[in-house]
$ cat input28.txt   # compact mmCIF, N, CA and C atoms
# COMPACT_ATOMS: atom_id res chain seq x y z
N MET A 94 149.18 -1.53 -58.59
CA MET A 94 150.44 -1.71 -57.93
C MET A 94 150.39 -1.21 -56.49
N GLN A 95 149.68 -0.10 -56.28
CA GLN A 95 149.60 0.45 -54.94
C GLN A 95 148.81 -0.50 -54.03
N ASN A 96 147.77 -1.14 -54.54
CA ASN A 96 146.99 -2.08 -53.75
C ASN A 96 147.85 -3.26 -53.30
N ARG A 97 148.72 -3.73 -54.18
CA ARG A 97 149.61 -4.84 -53.85
C ARG A 97 150.60 -4.44 -52.76
N GLU A 98 151.14 -3.24 -52.87
CA GLU A 98 152.09 -2.76 -51.85
C GLU A 98 151.39 -2.52 -50.52
N SER A 99 150.17 -1.99 -50.56
CA SER A 99 149.46 -1.77 -49.30
C SER A 99 149.06 -3.09 -48.65
N ASN A 100 148.74 -4.11 -49.45
CA ASN A 100 148.44 -5.43 -48.89
C ASN A 100 149.70 -6.04 -48.26
N LYS A 101 150.86 -5.79 -48.87
CA LYS A 101 152.11 -6.28 -48.30
C LYS A 101 152.39 -5.60 -46.97
N ALA A 102 152.16 -4.30 -46.90
CA ALA A 102 152.34 -3.57 -45.64
C ALA A 102 151.35 -4.06 -44.59
N LEU A 103 150.13 -4.35 -45.01
CA LEU A 103 149.12 -4.86 -44.09
C LEU A 103 149.50 -6.25 -43.59
N ASN A 104 150.08 -7.06 -44.45
CA ASN A 104 150.56 -8.38 -44.03
C ASN A 104 151.66 -8.25 -42.98
N ILE A 105 152.57 -7.32 -43.19
CA ILE A 105 153.67 -7.11 -42.25
C ILE A 105 153.14 -6.61 -40.91
N ALA A 106 152.19 -5.67 -40.96
CA ALA A 106 151.61 -5.14 -39.72
C ALA A 106 150.84 -6.22 -38.97
N SER A 107 150.11 -7.05 -39.70
CA SER A 107 149.38 -8.14 -39.05
C SER A 107 150.32 -9.16 -38.43
N LEU A 108 151.42 -9.44 -39.12
CA LEU A 108 152.43 -10.34 -38.57
C LEU A 108 153.07 -9.74 -37.32
N ALA A 109 153.29 -8.44 -37.31
CA ALA A 109 153.84 -7.77 -36.13
C ALA A 109 152.88 -7.87 -34.95
N ALA A 110 151.58 -7.73 -35.21
CA ALA A 110 150.59 -7.88 -34.13
C ALA A 110 150.60 -9.30 -33.60
N LEU A 111 150.74 -10.28 -34.49
CA LEU A 111 150.80 -11.67 -34.06
C LEU A 111 152.05 -11.92 -33.22
N ILE A 112 153.17 -11.39 -33.64
CA ILE A 112 154.41 -11.56 -32.87
C ILE A 112 154.29 -10.89 -31.51
N ALA A 113 153.65 -9.72 -31.46
CA ALA A 113 153.44 -9.05 -30.17
C ALA A 113 152.56 -9.89 -29.25
N ALA A 114 151.50 -10.47 -29.80
CA ALA A 114 150.62 -11.31 -28.99
C ALA A 114 151.36 -12.54 -28.47
N LEU A 115 152.18 -13.14 -29.32
CA LEU A 115 152.97 -14.30 -28.88
C LEU A 115 154.01 -13.90 -27.84
N ALA A 116 154.62 -12.74 -28.01
CA ALA A 116 155.61 -12.27 -27.03
C ALA A 116 154.95 -12.01 -25.68
N LEU A 117 153.73 -11.49 -25.71
CA LEU A 117 153.03 -11.23 -24.45
C LEU A 117 152.52 -12.51 -23.79
N SER A 118 152.50 -13.60 -24.52
CA SER A 118 152.10 -14.86 -23.91
C SER A 118 153.24 -15.50 -23.12
N THR A 119 154.46 -15.05 -23.34
CA THR A 119 155.62 -15.63 -22.65
C THR A 119 155.57 -15.44 -21.13
N PRO A 120 155.27 -14.24 -20.60
CA PRO A 120 155.19 -14.12 -19.14
C PRO A 120 154.09 -14.98 -18.54
N LEU A 121 152.98 -15.13 -19.26
CA LEU A 121 151.91 -15.97 -18.75
C LEU A 121 152.37 -17.43 -18.69
N ALA A 122 153.06 -17.87 -19.72
CA ALA A 122 153.56 -19.25 -19.73
C ALA A 122 154.51 -19.48 -18.55
N GLU A 123 155.37 -18.51 -18.27
CA GLU A 123 156.30 -18.64 -17.15
C GLU A 123 155.56 -18.73 -15.83
N ARG A 124 154.58 -17.88 -15.61
CA ARG A 124 153.81 -17.91 -14.36
C ARG A 124 152.98 -19.18 -14.24
N PHE A 125 152.46 -19.66 -15.36
CA PHE A 125 151.67 -20.89 -15.35
C PHE A 125 152.56 -22.09 -14.99
N ILE A 126 153.76 -22.15 -15.56
CA ILE A 126 154.69 -23.22 -15.23
C ILE A 126 155.09 -23.14 -13.76
N ALA A 127 155.31 -21.93 -13.26
CA ALA A 127 155.65 -21.76 -11.84
C ALA A 127 154.50 -22.22 -10.95
N ALA A 128 153.27 -21.93 -11.34
CA ALA A 128 152.11 -22.34 -10.54
C ALA A 128 151.98 -23.86 -10.52
N ILE A 129 152.17 -24.48 -11.66
CA ILE A 129 152.11 -25.95 -11.71
C ILE A 129 153.21 -26.57 -10.85
N TRP A 130 154.41 -25.99 -10.92
CA TRP A 130 155.52 -26.51 -10.13
C TRP A 130 155.24 -26.35 -8.64
N GLN A 131 154.73 -25.21 -8.24
CA GLN A 131 154.42 -25.00 -6.82
C GLN A 131 153.32 -25.96 -6.35
N TRP A 132 152.33 -26.17 -7.19
CA TRP A 132 151.26 -27.09 -6.84
C TRP A 132 151.82 -28.51 -6.70
N TYR A 133 152.67 -28.93 -7.65
CA TYR A 133 153.25 -30.26 -7.62
C TYR A 133 154.17 -30.44 -6.42
N LYS A 134 155.00 -29.45 -6.18
CA LYS A 134 156.01 -29.53 -5.12
C LYS A 134 155.38 -29.60 -3.73
N PHE A 135 154.30 -28.88 -3.52
CA PHE A 135 153.70 -28.79 -2.20
C PHE A 135 152.37 -29.52 -2.11
N SER A 136 152.07 -30.38 -3.07
CA SER A 136 150.82 -31.14 -3.04
C SER A 136 150.81 -32.06 -1.82
N GLY A 137 149.73 -32.03 -1.07
CA GLY A 137 149.60 -32.87 0.11
C GLY A 137 150.04 -32.21 1.41
N TYR A 138 150.72 -31.07 1.35
CA TYR A 138 151.12 -30.36 2.55
C TYR A 138 150.00 -29.42 2.97
N SER A 139 150.00 -29.06 4.23
CA SER A 139 148.93 -28.19 4.73
C SER A 139 149.04 -26.77 4.14
N GLY A 140 150.24 -26.26 3.98
CA GLY A 140 150.43 -24.93 3.40
C GLY A 140 150.93 -25.08 1.97
N ALA A 141 150.03 -25.19 1.04
CA ALA A 141 150.42 -25.39 -0.36
C ALA A 141 151.20 -24.19 -0.88
N GLY A 142 152.06 -24.42 -1.84
CA GLY A 142 152.85 -23.35 -2.43
C GLY A 142 152.01 -22.43 -3.28
N HIS A 143 152.42 -21.19 -3.36
CA HIS A 143 151.70 -20.18 -4.14
C HIS A 143 152.68 -19.41 -4.99
N ILE A 144 152.18 -18.85 -6.06
CA ILE A 144 152.93 -17.90 -6.85
C ILE A 144 152.40 -16.52 -6.49
N THR A 145 153.11 -15.49 -6.90
CA THR A 145 152.64 -14.14 -6.66
C THR A 145 152.50 -13.41 -7.99
N LEU A 146 151.42 -12.69 -8.11
CA LEU A 146 151.18 -11.81 -9.23
C LEU A 146 150.94 -10.41 -8.69
N SER A 147 151.41 -9.42 -9.40
CA SER A 147 151.23 -8.04 -8.99
C SER A 147 150.01 -7.46 -9.71
N LEU A 148 149.18 -6.76 -8.97
CA LEU A 148 148.00 -6.17 -9.57
C LEU A 148 148.37 -5.06 -10.55
N LYS A 149 149.36 -4.23 -10.19
CA LYS A 149 149.78 -3.15 -11.10
C LYS A 149 150.37 -3.71 -12.39
N THR A 150 151.18 -4.73 -12.26
CA THR A 150 151.75 -5.37 -13.44
C THR A 150 150.65 -6.02 -14.27
N GLY A 151 149.68 -6.61 -13.60
CA GLY A 151 148.55 -7.22 -14.30
C GLY A 151 147.75 -6.20 -15.09
N LEU A 152 147.57 -5.02 -14.53
CA LEU A 152 146.85 -3.97 -15.25
C LEU A 152 147.66 -3.46 -16.45
N LEU A 153 148.96 -3.31 -16.27
CA LEU A 153 149.81 -2.92 -17.39
C LEU A 153 149.81 -4.00 -18.48
N PHE A 154 149.92 -5.24 -18.07
CA PHE A 154 149.89 -6.37 -18.97
C PHE A 154 148.56 -6.41 -19.74
N SER A 155 147.47 -6.17 -19.03
CA SER A 155 146.16 -6.16 -19.68
C SER A 155 146.04 -5.01 -20.67
N GLY A 156 146.62 -3.87 -20.34
CA GLY A 156 146.61 -2.74 -21.26
C GLY A 156 147.39 -3.03 -22.53
N LEU A 157 148.55 -3.68 -22.39
CA LEU A 157 149.33 -4.05 -23.56
C LEU A 157 148.59 -5.06 -24.43
N LEU A 158 147.93 -6.01 -23.78
CA LEU A 158 147.15 -6.99 -24.54
C LEU A 158 145.95 -6.33 -25.23
N ALA A 159 145.32 -5.37 -24.55
CA ALA A 159 144.20 -4.66 -25.17
C ALA A 159 144.67 -3.84 -26.37
N ALA A 160 145.83 -3.22 -26.25
CA ALA A 160 146.38 -2.47 -27.39
C ALA A 160 146.71 -3.40 -28.55
N THR A 161 147.26 -4.56 -28.24
CA THR A 161 147.56 -5.54 -29.28
C THR A 161 146.27 -6.02 -29.94
N PHE A 162 145.26 -6.30 -29.12
CA PHE A 162 143.97 -6.72 -29.66
C PHE A 162 143.36 -5.64 -30.53
N GLY A 163 143.42 -4.40 -30.07
CA GLY A 163 142.85 -3.29 -30.83
C GLY A 163 143.53 -3.09 -32.17
N SER A 164 144.84 -3.16 -32.17
CA SER A 164 145.54 -3.00 -33.45
C SER A 164 145.28 -4.18 -34.37
N ALA A 165 145.22 -5.39 -33.82
CA ALA A 165 144.92 -6.56 -34.65
C ALA A 165 143.50 -6.48 -35.20
N LEU A 166 142.57 -5.96 -34.41
CA LEU A 166 141.20 -5.79 -34.88
C LEU A 166 141.15 -4.78 -36.02
N TRP A 167 141.90 -3.70 -35.87
CA TRP A 167 141.95 -2.68 -36.92
C TRP A 167 142.55 -3.26 -38.20
N PHE A 168 143.64 -4.01 -38.05
CA PHE A 168 144.25 -4.65 -39.24
C PHE A 168 143.29 -5.65 -39.87
N ASN A 169 142.53 -6.34 -39.04
CA ASN A 169 141.57 -7.31 -39.55
C ASN A 169 140.48 -6.62 -40.37
N GLN A 170 140.00 -5.49 -39.88
CA GLN A 170 138.97 -4.76 -40.62
C GLN A 170 139.52 -4.20 -41.93
N LEU A 171 140.75 -3.69 -41.90
CA LEU A 171 141.37 -3.22 -43.13
C LEU A 171 141.55 -4.37 -44.13
N ALA A 172 141.98 -5.51 -43.63
CA ALA A 172 142.20 -6.67 -44.50
C ALA A 172 140.88 -7.16 -45.08
N LYS A 173 139.81 -7.05 -44.31
CA LYS A 173 138.51 -7.47 -44.81
C LYS A 173 138.06 -6.58 -45.97
N HIS A 174 138.28 -5.28 -45.85
CA HIS A 174 137.88 -4.35 -46.92
C HIS A 174 138.76 -4.47 -48.15
N ARG A 175 140.01 -4.86 -47.96
CA ARG A 175 140.95 -4.97 -49.09
C ARG A 175 141.06 -6.40 -49.61
N THR A 176 140.30 -7.31 -49.04
CA THR A 176 140.34 -8.74 -49.36
C THR A 176 141.77 -9.30 -49.32
N ALA A 177 142.48 -8.95 -48.28
CA ALA A 177 143.82 -9.48 -48.03
C ALA A 177 143.68 -10.66 -47.07
N THR A 178 143.60 -11.86 -47.63
CA THR A 178 143.29 -13.03 -46.81
C THR A 178 144.39 -13.37 -45.81
N ARG A 179 145.65 -13.24 -46.20
CA ARG A 179 146.73 -13.57 -45.28
C ARG A 179 146.74 -12.61 -44.09
N ALA A 180 146.60 -11.33 -44.35
CA ALA A 180 146.59 -10.34 -43.27
C ALA A 180 145.38 -10.56 -42.37
N ARG A 181 144.28 -10.94 -42.97
CA ARG A 181 143.06 -11.17 -42.18
C ARG A 181 143.25 -12.36 -41.24
N SER A 182 143.85 -13.43 -41.73
CA SER A 182 144.04 -14.60 -40.87
C SER A 182 145.10 -14.35 -39.80
N LEU A 183 146.16 -13.63 -40.14
CA LEU A 183 147.19 -13.32 -39.14
C LEU A 183 146.64 -12.42 -38.04
N SER A 184 145.88 -11.41 -38.42
CA SER A 184 145.33 -10.50 -37.42
C SER A 184 144.26 -11.20 -36.57
N PHE A 185 143.49 -12.10 -37.19
CA PHE A 185 142.50 -12.84 -36.41
C PHE A 185 143.18 -13.73 -35.38
N LEU A 186 144.27 -14.37 -35.78
CA LEU A 186 145.02 -15.20 -34.85
C LEU A 186 145.61 -14.36 -33.72
N ALA A 187 146.09 -13.17 -34.04
CA ALA A 187 146.61 -12.26 -33.00
C ALA A 187 145.51 -11.86 -32.03
N MET A 188 144.31 -11.59 -32.54
CA MET A 188 143.19 -11.24 -31.66
C MET A 188 142.85 -12.42 -30.75
N TRP A 189 142.80 -13.61 -31.31
CA TRP A 189 142.45 -14.80 -30.55
C TRP A 189 143.47 -15.06 -29.44
N ILE A 190 144.75 -14.95 -29.77
CA ILE A 190 145.80 -15.17 -28.78
C ILE A 190 145.73 -14.12 -27.68
N SER A 191 145.49 -12.85 -28.04
CA SER A 191 145.41 -11.78 -27.05
C SER A 191 144.28 -12.02 -26.05
N VAL A 192 143.13 -12.39 -26.55
CA VAL A 192 141.99 -12.64 -25.66
C VAL A 192 142.25 -13.86 -24.78
N THR A 193 142.82 -14.90 -25.35
CA THR A 193 143.09 -16.12 -24.59
C THR A 193 144.12 -15.86 -23.49
N VAL A 194 145.17 -15.12 -23.81
CA VAL A 194 146.21 -14.83 -22.81
C VAL A 194 145.64 -13.95 -21.70
N LEU A 195 144.84 -12.97 -22.08
CA LEU A 195 144.23 -12.09 -21.07
C LEU A 195 143.32 -12.87 -20.13
N ALA A 196 142.47 -13.72 -20.69
CA ALA A 196 141.57 -14.52 -19.85
C ALA A 196 142.36 -15.48 -18.97
N ALA A 197 143.38 -16.10 -19.52
CA ALA A 197 144.19 -17.05 -18.74
C ALA A 197 144.93 -16.36 -17.60
N TYR A 198 145.42 -15.15 -17.85
CA TYR A 198 146.13 -14.42 -16.79
C TYR A 198 145.21 -14.15 -15.60
N TRP A 199 144.02 -13.63 -15.89
CA TRP A 199 143.13 -13.29 -14.79
C TRP A 199 142.52 -14.52 -14.14
N LEU A 200 142.34 -15.61 -14.89
CA LEU A 200 141.90 -16.86 -14.26
C LEU A 200 142.98 -17.42 -13.34
N LEU A 201 144.23 -17.33 -13.77
CA LEU A 201 145.34 -17.74 -12.91
C LEU A 201 145.40 -16.85 -11.67
N GLY A 202 145.16 -15.56 -11.87
CA GLY A 202 145.16 -14.64 -10.74
C GLY A 202 144.06 -14.92 -9.74
N MET A 203 142.92 -15.38 -10.20
CA MET A 203 141.80 -15.68 -9.30
C MET A 203 141.88 -17.08 -8.70
N SER A 204 142.79 -17.91 -9.20
CA SER A 204 142.88 -19.27 -8.68
C SER A 204 143.50 -19.28 -7.29
N ASN A 205 143.38 -20.41 -6.63
CA ASN A 205 143.96 -20.52 -5.29
C ASN A 205 145.47 -20.75 -5.33
N LEU A 206 146.05 -20.79 -6.52
CA LEU A 206 147.50 -20.93 -6.66
C LEU A 206 148.22 -19.59 -6.59
N ASN A 207 147.48 -18.51 -6.55
CA ASN A 207 148.05 -17.17 -6.59
C ASN A 207 147.82 -16.43 -5.29
N VAL A 208 148.80 -15.61 -4.93
CA VAL A 208 148.66 -14.65 -3.83
C VAL A 208 149.03 -13.30 -4.42
N TRP A 209 148.10 -12.35 -4.39
CA TRP A 209 148.35 -11.02 -4.98
C TRP A 209 149.30 -10.24 -4.10
N ARG A 210 150.14 -9.47 -4.74
CA ARG A 210 150.99 -8.54 -3.99
C ARG A 210 150.72 -7.13 -4.53
N ALA A 211 150.96 -6.18 -3.68
CA ALA A 211 150.64 -4.79 -4.05
C ALA A 211 151.66 -4.19 -4.95

$ encode --input "input28.txt" --output "structure tokens"
Amino acid sequence: MQNRESNKALNIASLAALIAALALSTPLAERFIAAIWQWYKFSGYSGAGHITLSLKTGLLFSGLLAATFGSALWFNQLAKHRTATRARSLSFLAMWISVTVLAAYWLLGMSNLNVWRA
């Protein structure tokens, strides 16, 4: 009975990590849409439109994503040892989303569509 309850708690924790990863993808989606709009709006002009990203906010954002990834990795390892397949798949998806969002943020930051602000 205790194993069943602990697997349920692990499922809930893995789902929470997935929700956190999805929530952290929202600011990236907003900045990506803004970058596409600026590119579309100013395409063909000599001074193309840019978005701005803050380096300090980017570091905080990266830290939150790293914490989400770390907790999802921990839940994934626990689920692997307890053979909790649902928790394992949810935490793996949370890890995948965290890494993808982090890479996309910094790629957007390095693109010519961005101007860094202090």

$ residues_near_point --input "input28.txt" --point "(149.1, -13.4, -8.2)" --cutoff "8 Å" --atoms "only N, CA and C atoms" --output "ChimeraX atom specification"
/A:143-148,201-204,206-210

$ closest_atom_pairs --input "input28.txt" --of "segment 95-132 of chain A" --to "segment 165-179 of chain A" --cutoff "7 Å" --atoms "all atoms listed in the file" --output "tab-separated table"
residue	atom	partner	partner_atom	distance
A:Asn100	CA	A:Ala177	CA	6.2
A:Leu103	CA	A:Phe168	CA	6.9
A:Asn104	CA	A:Arg179	C	5.7
A:Ala106	C	A:Phe168	CA	6.8
A:Ser107	CA	A:Phe168	CA	6.2
A:Ala110	CA	A:Ala165	CA	5.8
A:Leu111	N	A:Ala165	CA	6.9

$ closest_residue --input "input28.txt" --among "A:Ala128, A:Ser182, A:Ala187, A:Thr150" --to "Gly163 of chain A" --atoms "all atoms listed in the file"
A:Ala187

$ closest_residue --input "input28.txt" --among "A:Phe185, A:Thr193, A:Gly151, A:Ala180" --to "Ile105 of chain A" --atoms "only N, CA and C atoms"
A:Ala180

$ atom_distance --input "input28.txt" --atom1 "atom CA of Ser99 of chain A" --atom2 "atom CA of Arg181 of chain A"
13.4 Å

$ closest_residue --input "input28.txt" --among "A:Leu108, A:Leu117, A:Ala102, A:Ile129" --to "Ile190 of chain A" --atoms "only C-alpha atoms"
A:Leu117

$ select_by_dssp --input "input28.txt" --residues "chain A" --states "strand (DSSP E)" --output "list in words"
Ile144, Thr145, Leu146, Ser147, Asn207, Val208, Trp209 and Arg210 of chain A

$ write_last_selection --input "input28.txt" --atoms "N, CA and C atoms" --output "PDB file, keeping the file's coordinate frame"
ATOM      1  N   ILE A 144     152.180 -18.850  -6.060  1.00  0.00           N
ATOM      2  CA  ILE A 144     152.930 -17.900  -6.850  1.00  0.00           C
ATOM      3  C   ILE A 144     152.400 -16.520  -6.490  1.00  0.00           C
ATOM      4  N   THR A 145     153.110 -15.490  -6.900  1.00  0.00           N
ATOM      5  CA  THR A 145     152.640 -14.140  -6.660  1.00  0.00           C
ATOM      6  C   THR A 145     152.500 -13.410  -7.990  1.00  0.00           C
ATOM      7  N   LEU A 146     151.420 -12.690  -8.110  1.00  0.00           N
ATOM      8  CA  LEU A 146     151.180 -11.810  -9.230  1.00  0.00           C
ATOM      9  C   LEU A 146     150.940 -10.410  -8.690  1.00  0.00           C
ATOM     10  N   SER A 147     151.410  -9.420  -9.400  1.00  0.00           N
ATOM     11  CA  SER A 147     151.230  -8.040  -8.990  1.00  0.00           C
ATOM     12  C   SER A 147     150.010  -7.460  -9.710  1.00  0.00           C
ATOM     13  N   ASN A 207     147.480 -18.510  -6.550  1.00  0.00           N
ATOM     14  CA  ASN A 207     148.050 -17.170  -6.590  1.00  0.00           C
ATOM     15  C   ASN A 207     147.820 -16.430  -5.290  1.00  0.00           C
ATOM     16  N   VAL A 208     148.800 -15.610  -4.930  1.00  0.00           N
ATOM     17  CA  VAL A 208     148.660 -14.650  -3.830  1.00  0.00           C
ATOM     18  C   VAL A 208     149.030 -13.300  -4.420  1.00  0.00           C
ATOM     19  N   TRP A 209     148.100 -12.350  -4.390  1.00  0.00           N
ATOM     20  CA  TRP A 209     148.350 -11.020  -4.980  1.00  0.00           C
ATOM     21  C   TRP A 209     149.300 -10.240  -4.100  1.00  0.00           C
ATOM     22  N   ARG A 210     150.140  -9.470  -4.740  1.00  0.00           N
ATOM     23  CA  ARG A 210     150.990  -8.540  -3.990  1.00  0.00           C
ATOM     24  C   ARG A 210     150.720  -7.130  -4.530  1.00  0.00           C
TER      25      ARG A 210
END

$ select_by_dssp --input "input28.txt" --residues "segment 100-187 of chain A" --states "alpha helix (DSSP H)" --output "PyMOL selection string"
chain A and resi 100-134+148-175+178-187

$ atom_distance --input "input28.txt" --atom1 "atom CA of Ser118 of chain A" --atom2 "atom CA of Trp130 of chain A"
18.4 Å

$ closest_residue --input "input28.txt" --among "A:Ser136, A:Glu98, A:Ser191, A:Phe154" --to "Leu115 of chain A" --atoms "all atoms listed in the file"
A:Ser191

$ atom_distance --input "input28.txt" --atom1 "atom C of Ala109 of chain A" --atom2 "atom N of Glu123 of chain A"
19.9 Å

$ residues_around --input "input28.txt" --residues "Ser155 of chain A" --least-positions-apart "2" --cutoff "10 Å" --atoms "only C-alpha atoms" --output "PyMOL selection string"
chain A and resi 117+149-153+157-161+191-192+194-196+198-199
